[in-house]
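Q: Let me begin by handing over the structure; questions about it come next.
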Amino acid sequence: MGEAPAFIVDDLQNQIGFENGFGSKFKGCKTTTTIGDKTYVIGGNDESTLPVEVRIFDKATGNWVTPIVLGSKPNSCKGLSAISLNDDRILIVNKGSAPDDCILFLEVDTWFVREQKKIRGTEVVAWSKGVWGDAEKPVVISGPSGVGKGTLISMLMKEFPSMFGFSVSHTTRAPRGMEKDGVHYHFTEQSIMEKEIKDGKFVEYASVHGNLYGTSIEAVEVVTDAGKRCILDIDVQGARSVRASSLEAILIFICPPSMEELETRLRSRRTETEEQILKRLQNAEVEMEQGKSSGIFDHILYNDNLDDCYESLKKLLGIDGAAAATQISAPQGIDLPADRSVSKMDNKIIINYGTPELEKASKSLIVLDVSSLKGGAPGRTRGLDVYATDSFSDDLNGINQPS
Ligand SMILES: Nc1ncnc2c1ncn2[C@@H]1O[C@H](COP(=O)(O)OP(=O)(O)OP(=O)(O)O)[C@@H](O)[C@H]1O
Ligand SMILES: Nc1nc2c(ncn2[C@@H]2O[C@H](COP(=O)(O)O)[C@@H](O)[C@H]2O)c(=O)[nH]1
């Protein structure tokens, strides 16, 4: 037996006088959703490239709040529908977007958002794009300096340029000869990075070999928004933070065949001073211990022969052989109706046509199955399934048809 369908939210705006929240800024689409004491008004302008904005009306205080909005905001807005899921995120259907981009989540009380609220001391919401299927877990590659992490990642990016994107870290260390700002790292000042860490702009950060390194929320979002699987090259401390975060990554630790070989590789790279090499080798001992025994990592790979290790890595990531070409995109033939309403039953979101006439003409409803959602801000929300069904099928018994 399913729960009663949720009410259709798009008309709520009239009940709370939301112009107080937006003024006359947006003449385009707006939608509202109430969770507890808070009503989230989400609005955009259909004729411009201004991003969709969010205001919160707090019934407890009677005040409007403009939250900090993290993540990539949708731009075009030709029609928004919204519905609350588990009181921690709002599912948004944005008619103005391409099929691959039309399902979004506005997170209002997820783990990531709660952490950000604590850090920033103010109201925070975060956008996360919904993706079909479950193929996009970020990948963390960790291991001691010189083991070959960068080499393996370069091979992966070269063979699968449209599948993987590198999360460009921030660091306070100086660039090496061939390194480019914004490509290999975002090279930055200690004081600037410390301020940005304080402002909650980083998924993780750590002091590594005497310098500060960190993965910004934006670095992950740039990759995921391009529809690619995010690869992070980070140290063991960073891997521990990612493990504790909402990123739901696959964590892989790369081991050298021996400490002697690690030293040989580090020296033959000729990028560090003697003092730095010794520091990195000293730190490697601790990292090896933690990497192998801490329970942080899902997999351990030995990088003895490079080609063998690369093949093992691809196997782990499920991209050996024919599977490499598989990328999940929006199912074909799902065309969201222009006039529509959104309702919810159990873990199914039903997008139905705005009028019975239109619905009869189309003879089908669109159903989003959100029972297997995973991930979320600061990455994508995976696990969406969508299908069209006959509006009167058994599958949807109990759903209110539009009247
Ligand atoms: N299997 C291997 N056999 C021999 N040499 C290797 C192997 N893998 C990588 N190397 C070499 O070892 C050196 C260090 O590799 P790489 O720079 O990829 O290490 P890293 O783990 O990314 O280091 P860091 O953490 O300092 O960035 C490079 O010169 C690389 O060409
Ligand atoms: N915790 C993090 N560690 C990072 C990040 N980016 C790189 N690293 C690690 O630092 C060392 C040294 O790198 P190098 O480029 O100076 O040789 C290496 O182990 C990297 O994995 C980060 O964003 N966070």
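Order determines the names: the first chain of the structure tokens is A, the second B, and so forth; residues in each chain are numbered 1 upward, and ligands are numbered 1 upward as they are shown.
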Which chain A residues have any atom within 7 Å of an atom of ligand 2, and for each, what is the nearest pair of atoms with distance in Å to one decimal, counting only C-alpha atoms and all ligand atoms, rows sorted by chain and number, as a Markdown table?

A:
| residue | atom | partner | partner_atom_place_in_ligand_line | distance |
| --- | --- | --- | --- | --- |
| A:Ser142 | CA | ligand 2 | 21 (O) | 5.7 |
| A:Gly143 | CA | ligand 2 | 19 (O) | 6.1 |
| A:Pro144 | CA | ligand 2 | 19 (O) | 5.6 |
| A:Ser145 | CA | ligand 2 | 19 (O) | 4.8 |
| A:Ser169 | CA | ligand 2 | 23 (O) | 4.2 |
| A:His170 | CA | ligand 2 | 23 (O) | 5.9 |
| A:Thr171 | CA | ligand 2 | 6 (N) | 6.9 |
| A:Arg173 | CA | ligand 2 | 16 (O) | 6.8 |
| A:Glu204 | CA | ligand 2 | 24 (N) | 6.4 |
| A:Tyr205 | CA | ligand 2 | 1 (N) | 4.9 |
| A:Ala206 | CA | ligand 2 | 1 (N) | 4.6 |
| A:Val208 | CA | ligand 2 | 10 (O) | 5.7 |
| A:His209 | CA | ligand 2 | 12 (C) | 7.0 |
| A:Tyr213 | CA | ligand 2 | 22 (C) | 4.4 |
| A:Gly214 | CA | ligand 2 | 23 (O) | 3.3 |
| A:Thr215 | CA | ligand 2 | 23 (O) | 4.0 |
| A:Asp233 | CA | ligand 2 | 21 (O) | 4.6 |
| A:Ile234 | CA | ligand 2 | 21 (O) | 3.4 |
| A:Asp235 | CA | ligand 2 | 3 (N) | 4.1 |
| A:Val236 | CA | ligand 2 | 1 (N) | 6.8 |
| A:Gln237 | CA | ligand 2 | 1 (N) | 5.7 |
| A:Gly238 | CA | ligand 2 | 1 (N) | 3.5 |
| A:Ala239 | CA | ligand 2 | 1 (N) | 6.8 |

Q: For ligand 1, return the neighbouring residues as a PyMOL selection string (distance at most 8 Å; only C-alpha atoms and all ligand atoms).

A: chain A and resi 142-153+233-235+262+264-266+268-269+303-307+309

Q: Counting only C-alpha atoms, what is within 9 Å of Val139 in chain A, bar same-chain residues fewer than 2 positions away, as a PyMOL selection string?

A: chain A and resi 136-137+141+229-233+249-252+317

Q: Could you name the residues that touch Val41 in chain A at 7 Å or less, counting only C-alpha atoms, but leaving out those on the same chain fewer than 4 positions away, as JSON, numbers by chain?

A: {"A": [30, 31, 32, 33, 54, 55, 56]}

Q: Quick one: residues within 10 Å of range 84-86 of chain A, only C-alpha atoms, excluding same-chain residues fewer than 4 positions away - as number ranges by chain?

A: A: 6, 9, 32-35, 90-92, 105-110, 343-344, 346-347, 349, 370

Q: Please, which residues of range 230-342 of chain A, numbered as in this document, come out helix (DSSP H, G or I) from DSSP, as an NGL selection string?

A: :A and (236-244 or 259-269 or 274-293 or 306-316 or 321-325)

Q: Excluding Gly210 in chain A and residues on its chain fewer than 6 positions from it, collect all residues at most 10 Å away from it, counting only C-alpha atoms, and give them as number ranges by chain.

A: A: 172-173, 276, 279-280

Q: Calculated over only C-alpha atoms, which of the candidates A:Asp369, A:Glu260, A:Glu196, A:Ser167 has the smallest distance to Gly182 in chain A?

A: A:Ser167

Q: For Ala174 in chain A, list every protein, DNA or RNA residue within 10 Å, evaluated using only C-alpha atoms, and leave out those in the same chain fewer than 3 positions away; present the list as an MDAnalysis selection string.

A: chainID A and resid 171 177 179 185 187:189 211

Q: Do you have the CA of Gly375 in chain A-CA of Cys255 in chain A distance handy?

A: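 Going from CA of Gly375 in chain A over to CA of Cys255 in chain A, I get 27.7 Å.
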
Q: Ranking A:Arg382, A:Lys374, A:Arg240, A:Lys201 by minimum distance to Ile119 in chain A and counting only C-alpha atoms, which one comes first?

A: A:Lys201
